[in-house]
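All remarks here apply to the structure that follows.
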Amino acid sequence: MSHEALCLIWFVLLGVLITGYAILDGFDLGVGILHYVAKGDRERRIVMNSIGPLWDGNEVWLVTFGGALFAAFPVAYGTVFSAFYIAFMLLLFALIFRAVSLEFRSKVQSEGWRRVWDFGFFGSSLLAALLFGVAAGNLIAGMPIDADRAFTGTLWDQLRPYPIIVGLLTASLFAMHGAIYLYLKTEGELQERMHRWMWRTFGLFLVLYLVATLYTLVAVPGAVANLRNHWWLWVVPALNVLAIANIPRAVHLGRAGYAFASSCATIAALAFLFAAAIFPNLVRSNLDSALSITIFNGSSSVKTLTIMLIIAVIGMPFVLTYTAIIYWVFRGKVRLDEASY
Amino acid sequence: MDVELLARLQFAGTIMFHYLFPPLTIGMGLIMVIIEWAYLRTKKEVWHDAARFWTKLFALNFALGVATGIVMEFEFGTNWAAYSRFVGDVFGSALAAEGIFAFFLESGFLAVLVFGWDRVGPKMHFFSTLMVALGSIFSAIWIVVANSWQQTPAGSHVVEHEGVLRAEITDFWLLVFNPSMVDRLTHTLIGAFILGAFFVMSISAYYLLKKRHEEFARRSFTVALIVATIASLLALVTGHDQAKKVAATQPAKLAAFEGHFETGEGGAPLYLLGWPDSKAETVRFGVKIPGMLSYLVHWDTGEPIPGLKEFAEDERPPVWLPFQTYHLMVGLGMVFIGLTVVSLFFLWRKTLFTKRWLLWVWVFAVIGPFLANQSGWVAAEVGRQPWIVYPSVQDGVAQAGLRTADGLSESVTGGHVLWSIIMFGLIYALLFVIWIFVLNNKIQHGPVVSAAGAGEGGFLAAGASRLDRDEGRSLTETGDEEPGSGKGGEA
């Protein structure tokens, strides 16, 4: 296969991985953001155990995405990860605290202990969601990348209004996604409260979605260049709007499973629009567009991309099979037992 | 501040902290597979209780391994961007294989292993345990492939890409089976099995000393002791093979391990102890066996071994640290053999569990493999300096290496790295304390003994185990969980 074709394929596969991650860990992070909606120890344990067996597997999508980016586009990996040094260190701390908050919280019978890890779970989930969005916002807006493929700005360049709005949008999206998920996994009073939170988070998401869309159209013209040139791409934002509109409809009709599918579709559509906004760049240099790292000049060799593709083709059916098995085994409402967190 | 030094310190610190956990889970995985297999074969509840107990500790260790492992993947990009661009093409295949074949397998079946006791049948559960154990081994394979390629590159060539040099893959299988990979992998896995087994024995010995959960502890101890004895003996064999491979492929590293400065006439000595001084180019206070190093490498006491002075000064590794860590690892390995063989002898004589002094030794012996695993890797990694990727000759063509100093991120300053070192230092110190605390908490709580298993010991034992179980529940569970849920309620 030609180098161009392989680069395109790997761009798409990375898109699949990050979309899978956003959909799956999206509800995990959303569950963490909504942790304080649960009152009392029992409810909090139910909230944590709703993702108990799943969050680790979901996070593997991120790990695999990182590995695949490193492998398929090492130039972009090096530049992006060193550019977001402080942001990604904070992200790491958030992911560490999230993991250990889940693992440690219910191991010790002490109110103070559990309060600390409750906050750790909530705070780290919120921080991680925000940081993912901030990183995405910066990649859409472009960054100061010089001829050495190095980031020349500071942290403050990454905390401009646009990335922050994208960060808030991401957090609200995940919170909504998590609310619907928790509604599906809980019962009784907690479920009723989650019903109210589905509406609240949806409202917040809708406002931020409109703000972010307008901001992008007005202030980040580069982001819609591909949409302007390829009219058929408009199918995706159209579907996106339909999916978003379907969420309140499904919630209103009391069909939460349908609402959850719509929120998955919303995440997938937004991930697609993100990819359409940056393509063919992975990192757009706002100093000089010739310095941008594209999927073609930032990629690995034909041989590596081919071997990776073979590995992915062999491996993906297994991955999907056991992901399906795990979700099947742990279907239904949360039950606390001796093995629970 | 010196960015290189700080970035190396950060990498060393974070990888060493991370590496407390993977060998532990790899080793425990093997033992859990054996224990659960024993349960499937015999249907004795004590094996079931043992499997459940070790699973809990395994899950805790695994969670910490995952949390600290993501850091490593990020750090390549954050701190070592130039290195990432140099090796990305070569690491591509190994990383893709690790993600697809190992991580998903491990994390998926871990869910069933930890949370699925009451949701799937015993055979499916055993299968999950087996998959998690295999997954952790797969993961080790691909990481060791990548590391070994850096030490002994093969199946690759260095070419210019977009104005920068980088290594590109030429032959996948040559790359995977690069010269040092098999030796390094077997030695690494065996080190992990030793650690896992010692960990299980430490806790079991503690219970035996405290006369708690004795049946459970005796069985766990026996399984682990057999694993540990075999693994300790194999570590000697694989260690020897690996040292010979280092002599052949990285002679400067071997010279650093052994504090061997002067090639000299005839055979090289083996230092048992010493204090190398690279300024004076000598080993102070050394206790040595003449000709022994040559004998071990070449089976000939008279064959010379190249000393460090043969290498250009800017291509010599530091000596003191590789020397001491290498010797510590080897020394500990010998202790493991002695300790396991003696214990196995007493087990055979059926007097092991009455020897309290020996059980006390076992309680603390787990520190040994932790140290040995860490120091072995310190020796391997410091010993390959100043290269992050070794230069190589492949098919008669010299391929450039990459110096550690040239692998850094261009946009990252000393201040950045220092800040993150301090953050990692604080967080990891906290995690370590909490890990020990929670571990201790779980150990004090002990296994939840099912009533069926207690039936073997008659009415009184059943009563006692019931008491034990109830007490355990009130300590760790919140108390407000539904009646009838979980193992205890069913019994």
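In the structure tokens, the first chain shown is A, the next is B, and so on; residue numbers restart at 1 for each chain, and ligands run from 1 in the order shown.
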Just want the 8 Å neighbourhood of Gly333 of chain B, counted on only C-alpha atoms, with same-chain residues fewer than 6 positions away dropped. Output as number ranges by chain. B: 232, 235-236, 372
Output of the above residues as a PDB file, in the first residue's frame, restricted to N, CA and C atoms:
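Just written: part_10.pdb:
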ATOM      1  N   SER B 232      14.167 -19.479  41.394  1.00  0.00           N
ATOM      2  CA  SER B 232      15.473 -19.016  41.882  1.00  0.00           C
ATOM      3  C   SER B 232      16.613 -19.759  41.197  1.00  0.00           C
ATOM      4  N   ALA B 235      16.842 -18.527  37.694  1.00  0.00           N
ATOM      5  CA  ALA B 235      17.414 -17.176  37.624  1.00  0.00           C
ATOM      6  C   ALA B 235      18.923 -17.241  37.490  1.00  0.00           C
ATOM      7  N   LEU B 236      19.516 -18.230  38.147  1.00  0.00           N
ATOM      8  CA  LEU B 236      20.974 -18.394  38.045  1.00  0.00           C
ATOM      9  C   LEU B 236      21.367 -18.733  36.609  1.00  0.00           C
ATOM     10  N   ALA B 372      16.214  -6.919  44.269  1.00  0.00           N
ATOM     11  CA  ALA B 372      16.938  -7.578  43.177  1.00  0.00           C
ATOM     12  C   ALA B 372      16.380  -7.153  41.819  1.00  0.00           C
TER      13      ALA B 372
END
Quick one: which chain A residues come within 7 Å of chain B, and what is the nearest atom pair for each with the distance in Å to one decimal, counting only C-alpha atoms, rows ordered by chain and ascending number, as JSON lines?
{"residue": "A:Arg42", "atom": "CA", "partner": "B:Asp480", "partner_atom": "CA", "distance": 6.8}
{"residue": "A:Pro53", "atom": "CA", "partner": "B:Ala111", "partner_atom": "CA", "distance": 4.6}
{"residue": "A:Leu54", "atom": "CA", "partner": "B:Ala111", "partner_atom": "CA", "distance": 6.7}
{"residue": "A:Asp56", "atom": "CA", "partner": "B:Ser107", "partner_atom": "CA", "distance": 6.0}
{"residue": "A:Gly57", "atom": "CA", "partner": "B:Ser107", "partner_atom": "CA", "distance": 4.8}
{"residue": "A:Val60", "atom": "CA", "partner": "B:Phe103", "partner_atom": "CA", "distance": 6.5}
{"residue": "A:Val63", "atom": "CA", "partner": "B:Ile70", "partner_atom": "CA", "distance": 6.8}
{"residue": "A:Thr64", "atom": "CA", "partner": "B:Gly99", "partner_atom": "CA", "distance": 5.0}
{"residue": "A:Gly67", "atom": "CA", "partner": "B:Leu95", "partner_atom": "CA", "distance": 5.7}
{"residue": "A:Ala68", "atom": "CA", "partner": "B:Ala96", "partner_atom": "CA", "distance": 5.9}
{"residue": "A:Phe70", "atom": "CA", "partner": "B:Gly88", "partner_atom": "CA", "distance": 5.9}
{"residue": "A:Ala71", "atom": "CA", "partner": "B:Gly92", "partner_atom": "CA", "distance": 3.6}
{"residue": "A:Ala72", "atom": "CA", "partner": "B:Gly92", "partner_atom": "CA", "distance": 6.3}
{"residue": "A:Pro74", "atom": "CA", "partner": "B:Gly88", "partner_atom": "CA", "distance": 4.9}
{"residue": "A:Val75", "atom": "CA", "partner": "B:Arg85", "partner_atom": "CA", "distance": 5.1}
{"residue": "A:Tyr77", "atom": "CA", "partner": "B:Gly77", "partner_atom": "CA", "distance": 6.1}
{"residue": "A:Gly78", "atom": "CA", "partner": "B:Ala81", "partner_atom": "CA", "distance": 4.0}
{"residue": "A:Thr79", "atom": "CA", "partner": "B:Ala81", "partner_atom": "CA", "distance": 6.4}
{"residue": "A:Phe81", "atom": "CA", "partner": "B:Thr78", "partner_atom": "CA", "distance": 4.6}
{"residue": "A:Ser82", "atom": "CA", "partner": "B:Thr78", "partner_atom": "CA", "distance": 3.9}
{"residue": "A:Ala83", "atom": "CA", "partner": "B:Ser411", "partner_atom": "CA", "distance": 6.8}
{"residue": "A:Tyr85", "atom": "CA", "partner": "B:Thr78", "partner_atom": "CA", "distance": 5.5}
{"residue": "A:Leu92", "atom": "CA", "partner": "B:Val71", "partner_atom": "CA", "distance": 6.2}
{"residue": "A:Leu95", "atom": "CA", "partner": "B:Ala67", "partner_atom": "CA", "distance": 6.9}
{"residue": "A:Ile96", "atom": "CA", "partner": "B:Ala67", "partner_atom": "CA", "distance": 4.8}
{"residue": "A:Ala99", "atom": "CA", "partner": "B:Ala67", "partner_atom": "CA", "distance": 6.2}
{"residue": "A:Glu103", "atom": "CA", "partner": "B:Leu60", "partner_atom": "CA", "distance": 6.8}
{"residue": "A:Lys107", "atom": "CA", "partner": "B:Thr476", "partner_atom": "CA", "distance": 6.2}
{"residue": "A:Val108", "atom": "CA", "partner": "B:Thr476", "partner_atom": "CA", "distance": 6.1}
{"residue": "A:Gln109", "atom": "CA", "partner": "B:Thr476", "partner_atom": "CA", "distance": 6.0}
{"residue": "A:Ala150", "atom": "CA", "partner": "B:Ser411", "partner_atom": "CA", "distance": 5.6}
{"residue": "A:Phe151", "atom": "CA", "partner": "B:Ser411", "partner_atom": "CA", "distance": 5.7}
{"residue": "A:Thr152", "atom": "CA", "partner": "B:Ser411", "partner_atom": "CA", "distance": 6.6}
{"residue": "A:Ser300", "atom": "CA", "partner": "B:Asp89", "partner_atom": "CA", "distance": 5.0}
{"residue": "A:Ser301", "atom": "CA", "partner": "B:Asp89", "partner_atom": "CA", "distance": 6.5}
{"residue": "A:Lys303", "atom": "CA", "partner": "B:Ile169", "partner_atom": "CA", "distance": 6.9}
{"residue": "A:Thr304", "atom": "CA", "partner": "B:Asp89", "partner_atom": "CA", "distance": 6.1}
{"residue": "A:Ile307", "atom": "CA", "partner": "B:Ser93", "partner_atom": "CA", "distance": 6.3}
{"residue": "A:Met308", "atom": "CA", "partner": "B:Ser93", "partner_atom": "CA", "distance": 5.3}
{"residue": "A:Ile311", "atom": "CA", "partner": "B:Ala97", "partner_atom": "CA", "distance": 6.2}
{"residue": "A:Ala312", "atom": "CA", "partner": "B:Ile100", "partner_atom": "CA", "distance": 6.9}
{"residue": "A:Gly315", "atom": "CA", "partner": "B:Ile100", "partner_atom": "CA", "distance": 5.7}
{"residue": "A:Met316", "atom": "CA", "partner": "B:Ile100", "partner_atom": "CA", "distance": 7.0}
{"residue": "A:Val319", "atom": "CA", "partner": "B:Phe104", "partner_atom": "CA", "distance": 6.2}
{"residue": "A:Tyr322", "atom": "CA", "partner": "B:Gly108", "partner_atom": "CA", "distance": 6.5}
{"residue": "A:Thr323", "atom": "CA", "partner": "B:Gly108", "partner_atom": "CA", "distance": 6.4}
{"residue": "A:Ile326", "atom": "CA", "partner": "B:Gly108", "partner_atom": "CA", "distance": 6.4}
{"residue": "A:Val329", "atom": "CA", "partner": "B:Arg119", "partner_atom": "CA", "distance": 6.8}
{"residue": "A:Leu336", "atom": "CA", "partner": "B:Glu481", "partner_atom": "CA", "distance": 6.9}
{"residue": "A:Asp337", "atom": "CA", "partner": "B:Gly486", "partner_atom": "CA", "distance": 4.4}
{"residue": "A:Glu338", "atom": "CA", "partner": "B:Gly486", "partner_atom": "CA", "distance": 4.8}
{"residue": "A:Ala339", "atom": "CA", "partner": "B:Phe115", "partner_atom": "CA", "distance": 5.4}
{"residue": "A:Ser340", "atom": "CA", "partner": "B:Phe115", "partner_atom": "CA", "distance": 6.6}
Once DSSP has gone over the backbone, tell me which residues of segment 128-273 of chain A are in helix (DSSP H, G or I), as a PDB file with C-alpha atoms, in the first residue's frame.
ATOM      1  CA  ALA A 128      -9.165  15.109  33.322  1.00  0.00           C
ATOM      2  CA  ALA A 129     -12.280  15.945  31.279  1.00  0.00           C
ATOM      3  CA  LEU A 130     -11.360  19.640  31.204  1.00  0.00           C
ATOM      4  CA  LEU A 131      -7.764  18.926  30.188  1.00  0.00           C
ATOM      5  CA  PHE A 132      -8.780  16.641  27.320  1.00  0.00           C
ATOM      6  CA  GLY A 133     -10.975  19.426  26.003  1.00  0.00           C
ATOM      7  CA  VAL A 134      -8.303  22.089  26.447  1.00  0.00           C
ATOM      8  CA  ALA A 135      -5.824  19.954  24.496  1.00  0.00           C
ATOM      9  CA  ALA A 136      -8.375  19.399  21.720  1.00  0.00           C
ATOM     10  CA  GLY A 137      -9.150  23.126  21.604  1.00  0.00           C
ATOM     11  CA  ASN A 138      -5.482  23.983  21.211  1.00  0.00           C
ATOM     12  CA  LEU A 139      -5.036  21.466  18.434  1.00  0.00           C
ATOM     13  CA  ILE A 140      -8.008  22.938  16.567  1.00  0.00           C
ATOM     14  CA  ALA A 141      -6.807  26.510  17.049  1.00  0.00           C
ATOM     15  CA  LEU A 155       1.271  27.364  29.371  1.00  0.00           C
ATOM     16  CA  TRP A 156      -0.653  30.646  29.132  1.00  0.00           C
ATOM     17  CA  ASP A 157      -0.801  30.362  25.347  1.00  0.00           C
ATOM     18  CA  GLN A 158      -2.697  27.132  25.885  1.00  0.00           C
ATOM     19  CA  PRO A 161     -10.616  31.457  25.901  1.00  0.00           C
ATOM     20  CA  TYR A 162     -11.217  29.097  22.975  1.00  0.00           C
ATOM     21  CA  PRO A 163      -9.505  26.005  24.433  1.00  0.00           C
ATOM     22  CA  ILE A 164     -11.129  26.718  27.772  1.00  0.00           C
ATOM     23  CA  ILE A 165     -14.574  26.763  26.169  1.00  0.00           C
ATOM     24  CA  VAL A 166     -13.808  23.466  24.438  1.00  0.00           C
ATOM     25  CA  GLY A 167     -12.644  22.140  27.812  1.00  0.00           C
ATOM     26  CA  LEU A 168     -15.905  23.148  29.486  1.00  0.00           C
ATOM     27  CA  LEU A 169     -17.861  21.690  26.574  1.00  0.00           C
ATOM     28  CA  THR A 170     -16.057  18.376  26.993  1.00  0.00           C
ATOM     29  CA  ALA A 171     -16.687  18.300  30.737  1.00  0.00           C
ATOM     30  CA  SER A 172     -20.392  19.054  30.297  1.00  0.00           C
ATOM     31  CA  LEU A 173     -20.689  16.459  27.531  1.00  0.00           C
ATOM     32  CA  PHE A 174     -19.116  13.772  29.706  1.00  0.00           C
ATOM     33  CA  ALA A 175     -21.246  14.804  32.683  1.00  0.00           C
ATOM     34  CA  MET A 176     -24.390  14.402  30.593  1.00  0.00           C
ATOM     35  CA  HIS A 177     -23.158  11.093  29.214  1.00  0.00           C
ATOM     36  CA  GLY A 178     -22.393   9.930  32.760  1.00  0.00           C
ATOM     37  CA  ALA A 179     -25.790  11.057  34.051  1.00  0.00           C
ATOM     38  CA  ILE A 180     -27.594   8.974  31.459  1.00  0.00           C
ATOM     39  CA  TYR A 181     -25.325   6.029  32.213  1.00  0.00           C
ATOM     40  CA  LEU A 182     -25.973   6.299  35.946  1.00  0.00           C
ATOM     41  CA  TYR A 183     -29.686   6.565  35.313  1.00  0.00           C
ATOM     42  CA  LEU A 184     -29.460   3.226  33.508  1.00  0.00           C
ATOM     43  CA  LYS A 185     -27.398   1.607  36.269  1.00  0.00           C
ATOM     44  CA  GLY A 188     -35.024   4.187  43.311  1.00  0.00           C
ATOM     45  CA  GLU A 189     -34.298   7.594  44.766  1.00  0.00           C
ATOM     46  CA  LEU A 190     -30.796   7.863  43.334  1.00  0.00           C
ATOM     47  CA  GLN A 191     -32.186   7.155  39.899  1.00  0.00           C
ATOM     48  CA  GLU A 192     -34.810   9.873  40.307  1.00  0.00           C
ATOM     49  CA  ARG A 193     -32.112  12.354  41.224  1.00  0.00           C
ATOM     50  CA  MET A 194     -30.113  11.252  38.191  1.00  0.00           C
ATOM     51  CA  HIS A 195     -33.171  11.944  36.082  1.00  0.00           C
ATOM     52  CA  ARG A 196     -33.091  15.574  37.182  1.00  0.00           C
ATOM     53  CA  TRP A 197     -29.346  15.701  36.535  1.00  0.00           C
ATOM     54  CA  MET A 198     -29.788  14.395  33.010  1.00  0.00           C
ATOM     55  CA  TRP A 199     -31.818  17.531  32.302  1.00  0.00           C
ATOM     56  CA  ARG A 200     -29.409  19.858  34.064  1.00  0.00           C
ATOM     57  CA  THR A 201     -26.313  18.512  32.366  1.00  0.00           C
ATOM     58  CA  PHE A 202     -28.080  18.466  29.024  1.00  0.00           C
ATOM     59  CA  GLY A 203     -28.996  22.141  29.415  1.00  0.00           C
ATOM     60  CA  LEU A 204     -25.431  23.034  30.315  1.00  0.00           C
ATOM     61  CA  PHE A 205     -24.050  21.033  27.418  1.00  0.00           C
ATOM     62  CA  LEU A 206     -26.494  22.626  24.969  1.00  0.00           C
ATOM     63  CA  VAL A 207     -25.498  26.158  25.977  1.00  0.00           C
ATOM     64  CA  LEU A 208     -21.794  25.369  25.739  1.00  0.00           C
ATOM     65  CA  TYR A 209     -22.294  23.559  22.442  1.00  0.00           C
ATOM     66  CA  LEU A 210     -23.904  26.650  20.919  1.00  0.00           C
ATOM     67  CA  VAL A 211     -21.214  28.955  22.320  1.00  0.00           C
ATOM     68  CA  ALA A 212     -18.411  26.706  21.086  1.00  0.00           C
ATOM     69  CA  THR A 213     -19.966  26.332  17.641  1.00  0.00           C
ATOM     70  CA  LEU A 214     -20.399  30.076  17.202  1.00  0.00           C
ATOM     71  CA  TYR A 215     -16.915  30.760  18.555  1.00  0.00           C
ATOM     72  CA  THR A 216     -15.419  28.252  16.106  1.00  0.00           C
ATOM     73  CA  LEU A 217     -17.267  29.686  13.122  1.00  0.00           C
ATOM     74  CA  VAL A 218     -16.343  33.270  13.990  1.00  0.00           C
ATOM     75  CA  ALA A 219     -12.870  33.057  15.471  1.00  0.00           C
ATOM     76  CA  PRO A 221     -11.889  29.951  10.419  1.00  0.00           C
ATOM     77  CA  GLY A 222      -9.235  27.304   9.721  1.00  0.00           C
ATOM     78  CA  ALA A 223     -11.326  24.758  11.587  1.00  0.00           C
ATOM     79  CA  VAL A 224     -14.113  24.757   9.010  1.00  0.00           C
ATOM     80  CA  ALA A 225     -11.947  24.819   5.867  1.00  0.00           C
ATOM     81  CA  ASN A 226     -12.515  21.132   5.190  1.00  0.00           C
ATOM     82  CA  LEU A 227     -16.251  21.507   5.662  1.00  0.00           C
ATOM     83  CA  ARG A 228     -16.287  24.371   3.178  1.00  0.00           C
ATOM     84  CA  ASN A 229     -14.411  22.360   0.577  1.00  0.00           C
ATOM     85  CA  TRP A 231     -20.006  19.716   1.130  1.00  0.00           C
ATOM     86  CA  TRP A 232     -20.819  16.067   1.933  1.00  0.00           C
ATOM     87  CA  LEU A 233     -19.033  16.435   5.260  1.00  0.00           C
ATOM     88  CA  TRP A 234     -22.029  18.489   6.414  1.00  0.00           C
ATOM     89  CA  VAL A 235     -23.846  15.212   6.897  1.00  0.00           C
ATOM     90  CA  VAL A 236     -21.931  14.816  10.143  1.00  0.00           C
ATOM     91  CA  PRO A 237     -22.880  18.104  11.848  1.00  0.00           C
ATOM     92  CA  ALA A 238     -26.440  17.511  10.670  1.00  0.00           C
ATOM     93  CA  LEU A 239     -26.463  14.075  12.291  1.00  0.00           C
ATOM     94  CA  ASN A 240     -24.804  15.615  15.312  1.00  0.00           C
ATOM     95  CA  VAL A 241     -27.652  18.104  15.752  1.00  0.00           C
ATOM     96  CA  LEU A 242     -30.203  15.314  15.333  1.00  0.00           C
ATOM     97  CA  ALA A 243     -28.428  13.174  17.923  1.00  0.00           C
ATOM     98  CA  ILE A 244     -28.312  16.058  20.371  1.00  0.00           C
ATOM     99  CA  ALA A 245     -31.986  16.835  19.772  1.00  0.00           C
ATOM    100  CA  ASN A 246     -32.856  13.197  20.315  1.00  0.00           C
ATOM    101  CA  ILE A 247     -31.405  13.173  23.840  1.00  0.00           C
ATOM    102  CA  PRO A 248     -34.123  15.307  25.503  1.00  0.00           C
ATOM    103  CA  ARG A 249     -36.759  13.540  23.414  1.00  0.00           C
ATOM    104  CA  ALA A 250     -35.647  10.122  24.576  1.00  0.00           C
ATOM    105  CA  VAL A 251     -35.295  11.289  28.180  1.00  0.00           C
ATOM    106  CA  HIS A 252     -38.778  12.771  28.028  1.00  0.00           C
ATOM    107  CA  ALA A 256     -32.865   6.171  28.688  1.00  0.00           C
ATOM    108  CA  GLY A 257     -31.140   3.479  26.621  1.00  0.00           C
ATOM    109  CA  TYR A 258     -32.067   5.415  23.528  1.00  0.00           C
ATOM    110  CA  ALA A 259     -30.795   8.626  25.106  1.00  0.00           C
ATOM    111  CA  PHE A 260     -27.510   6.903  25.922  1.00  0.00           C
ATOM    112  CA  ALA A 261     -27.125   5.747  22.317  1.00  0.00           C
ATOM    113  CA  SER A 262     -27.783   9.335  21.207  1.00  0.00           C
ATOM    114  CA  SER A 263     -25.186  10.709  23.543  1.00  0.00           C
ATOM    115  CA  CYS A 264     -22.693   8.109  22.227  1.00  0.00           C
ATOM    116  CA  ALA A 265     -23.546   9.294  18.712  1.00  0.00           C
ATOM    117  CA  THR A 266     -23.043  12.907  19.792  1.00  0.00           C
ATOM    118  CA  ILE A 267     -19.578  12.115  21.103  1.00  0.00           C
ATOM    119  CA  ALA A 268     -18.685  10.236  17.928  1.00  0.00           C
ATOM    120  CA  ALA A 269     -19.899  13.123  15.768  1.00  0.00           C
ATOM    121  CA  LEU A 270     -17.928  15.680  17.767  1.00  0.00           C
ATOM    122  CA  ALA A 271     -14.816  13.503  17.535  1.00  0.00           C
ATOM    123  CA  PHE A 272     -15.344  13.327  13.789  1.00  0.00           C
ATOM    124  CA  LEU A 273     -15.722  17.104  13.549  1.00  0.00           C
TER     125      LEU A 273
END
Please list as a CSV table (one decimal) with C-alpha atoms, in the first residue's frame every residue within 9 Å of segment 182-184 of chain B, counting only C-alpha atoms and excluding residues in the same chain fewer than 3 positions away.
chain,number,residue,atom,x,y,z
B,144,VAL,CA,11.3,-6.1,26.8
B,145,VAL,CA,11.4,-6.3,23.0
B,148,SER,CA,16.3,-4.9,24.2
B,177,PHE,CA,14.3,-11.4,18.4
B,178,ASN,CA,17.1,-9.0,18.6
B,179,PRO,CA,20.3,-10.5,20.2
B,187,HIS,CA,15.5,-13.4,33.3
B,188,THR,CA,12.9,-10.6,33.8
B,189,LEU,CA,10.0,-12.9,34.0
B,238,THR,CA,19.3,-17.2,32.8
B,239,GLY,CA,21.4,-14.7,34.6
B,241,ASP,CA,23.3,-16.5,29.9
B,242,GLN,CA,22.4,-12.9,30.0
B,245,LYS,CA,25.3,-11.9,26.1
The distance between atom CA of Phe119 of chain A and atom CA of Met89 of chain A is 19.5 Å
- Message: I'd like the contact shell of segment 145-147 of chain A - 9 Å cut-off, only C-alpha atoms, skipping same-chain residues fewer than 4 positions apart - returned as a list in words.
- Response: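 Residues meeting the cut-off are Thr79, Ala83, Phe151, Thr152, Gly153, Val283, Arg284, Ser285, Asn286, Leu287, Asp288, Leu291, Ser292 and Ile293 of chain A.
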If you keep C-alpha atoms, can you produce a file of those selected residues as a JSON list (two decimals), in the first residue's frame?
[["chain", "number", "residue", "atom", "x", "y", "z"],
["A", 79, "THR", "CA", 5.81, 17.48, 19.73],
["A", 83, "ALA", "CA", 4.17, 20.98, 24.12],
["A", 151, "PHE", "CA", 6.49, 24.23, 20.86],
["A", 152, "THR", "CA", 7.69, 27.78, 21.50],
["A", 153, "GLY", "CA", 4.85, 29.11, 23.64],
["A", 283, "VAL", "CA", -0.44, 19.76, 14.87],
["A", 284, "ARG", "CA", -1.07, 23.00, 13.02],
["A", 285, "SER", "CA", 1.65, 25.59, 13.41],
["A", 286, "ASN", "CA", 0.22, 29.08, 13.67],
["A", 287, "LEU", "CA", 3.70, 30.55, 13.00],
["A", 288, "ASP", "CA", 3.92, 29.21, 9.46],
["A", 291, "LEU", "CA", 5.88, 24.01, 9.73],
["A", 292, "SER", "CA", 2.71, 22.11, 10.58],
["A", 293, "ILE", "CA", 3.08, 18.43, 11.35]]
Worksheet entry | Spatial neighbours of Asp25 of chain A, 7 Å, only C-alpha atoms, chain gap at least 4 places, as a ChimeraX atom specification | /A:21,29,55,58-59
Exercise. What is the atom CA of Val342 of chain B-atom CA of Trp360 of chain B distance in Å, reported with one decimal?
Worked result: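 Here the two named atoms are 14.4 Å from each other.
Going from atom CA of Lys288 of chain B to atom CA of Thr301 of chain B covers 13.4 Å.
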Between B:Met28, B:Val223, B:Leu57, B:Leu5, which residue has the minimum interatomic distance to Phe104 of chain A, considering only C-alpha atoms?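 With only C-alpha atoms as the atom set, the closest residue is B:Leu57.
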Nearest to Glu265 of chain B, restricted to only C-alpha atoms and choosing among B:Gln394, B:Thr249, B:Ser375, B:Ser294, comes out as B:Ser294
Tell me which protein, DNA and RNA residues are within 10 Å of Glu381 of chain B, counting only C-alpha atoms, leaving out same-chain ones fewer than 3 positions away, and put them as a JSON list (two decimals) with C-alpha atoms, in the first residue's frame.
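Printed below is result28.json as written:
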[["chain", "number", "residue", "atom", "x", "y", "z"],
["B", 12, "ALA", "CA", 14.53, 6.63, 36.94],
["B", 147, "ASN", "CA", 14.09, -2.18, 25.65],
["B", 151, "GLN", "CA", 20.47, -2.18, 23.91],
["B", 253, "LYS", "CA", 28.62, -2.54, 30.24],
["B", 317, "PRO", "CA", 29.30, 4.16, 31.39],
["B", 322, "PRO", "CA", 26.23, -0.54, 37.83],
["B", 375, "SER", "CA", 18.89, -3.24, 41.11],
["B", 376, "GLY", "CA", 19.08, -5.54, 38.10],
["B", 377, "TRP", "CA", 17.36, -2.96, 35.97],
["B", 378, "VAL", "CA", 19.42, -0.11, 37.40],
["B", 384, "ARG", "CA", 24.27, 1.23, 28.82],
["B", 385, "GLN", "CA", 24.96, 4.93, 29.27],
["B", 386, "PRO", "CA", 25.82, 7.24, 27.58],
["B", 387, "TRP", "CA", 23.60, 5.59, 24.96],
["B", 388, "ILE", "CA", 19.82, 5.64, 25.02]]
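Proximity to Gly274 of chain B at 6 Å, evaluated using only C-alpha atoms and with sequence-adjacent residues fewer than 4 positions away removed, yields Arg284, Phe285 and Gly286 of chain B.
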Export, as a PDB file, in the first residue's frame, the selected residues with C-alpha atoms.
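New file out_22.pdb:
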ATOM      1  CA  ARG B 284      39.228  -0.321  46.190  1.00  0.00           C
ATOM      2  CA  PHE B 285      38.780  -2.861  48.997  1.00  0.00           C
ATOM      3  CA  GLY B 286      38.075  -5.510  46.374  1.00  0.00           C
TER       4      GLY B 286
END
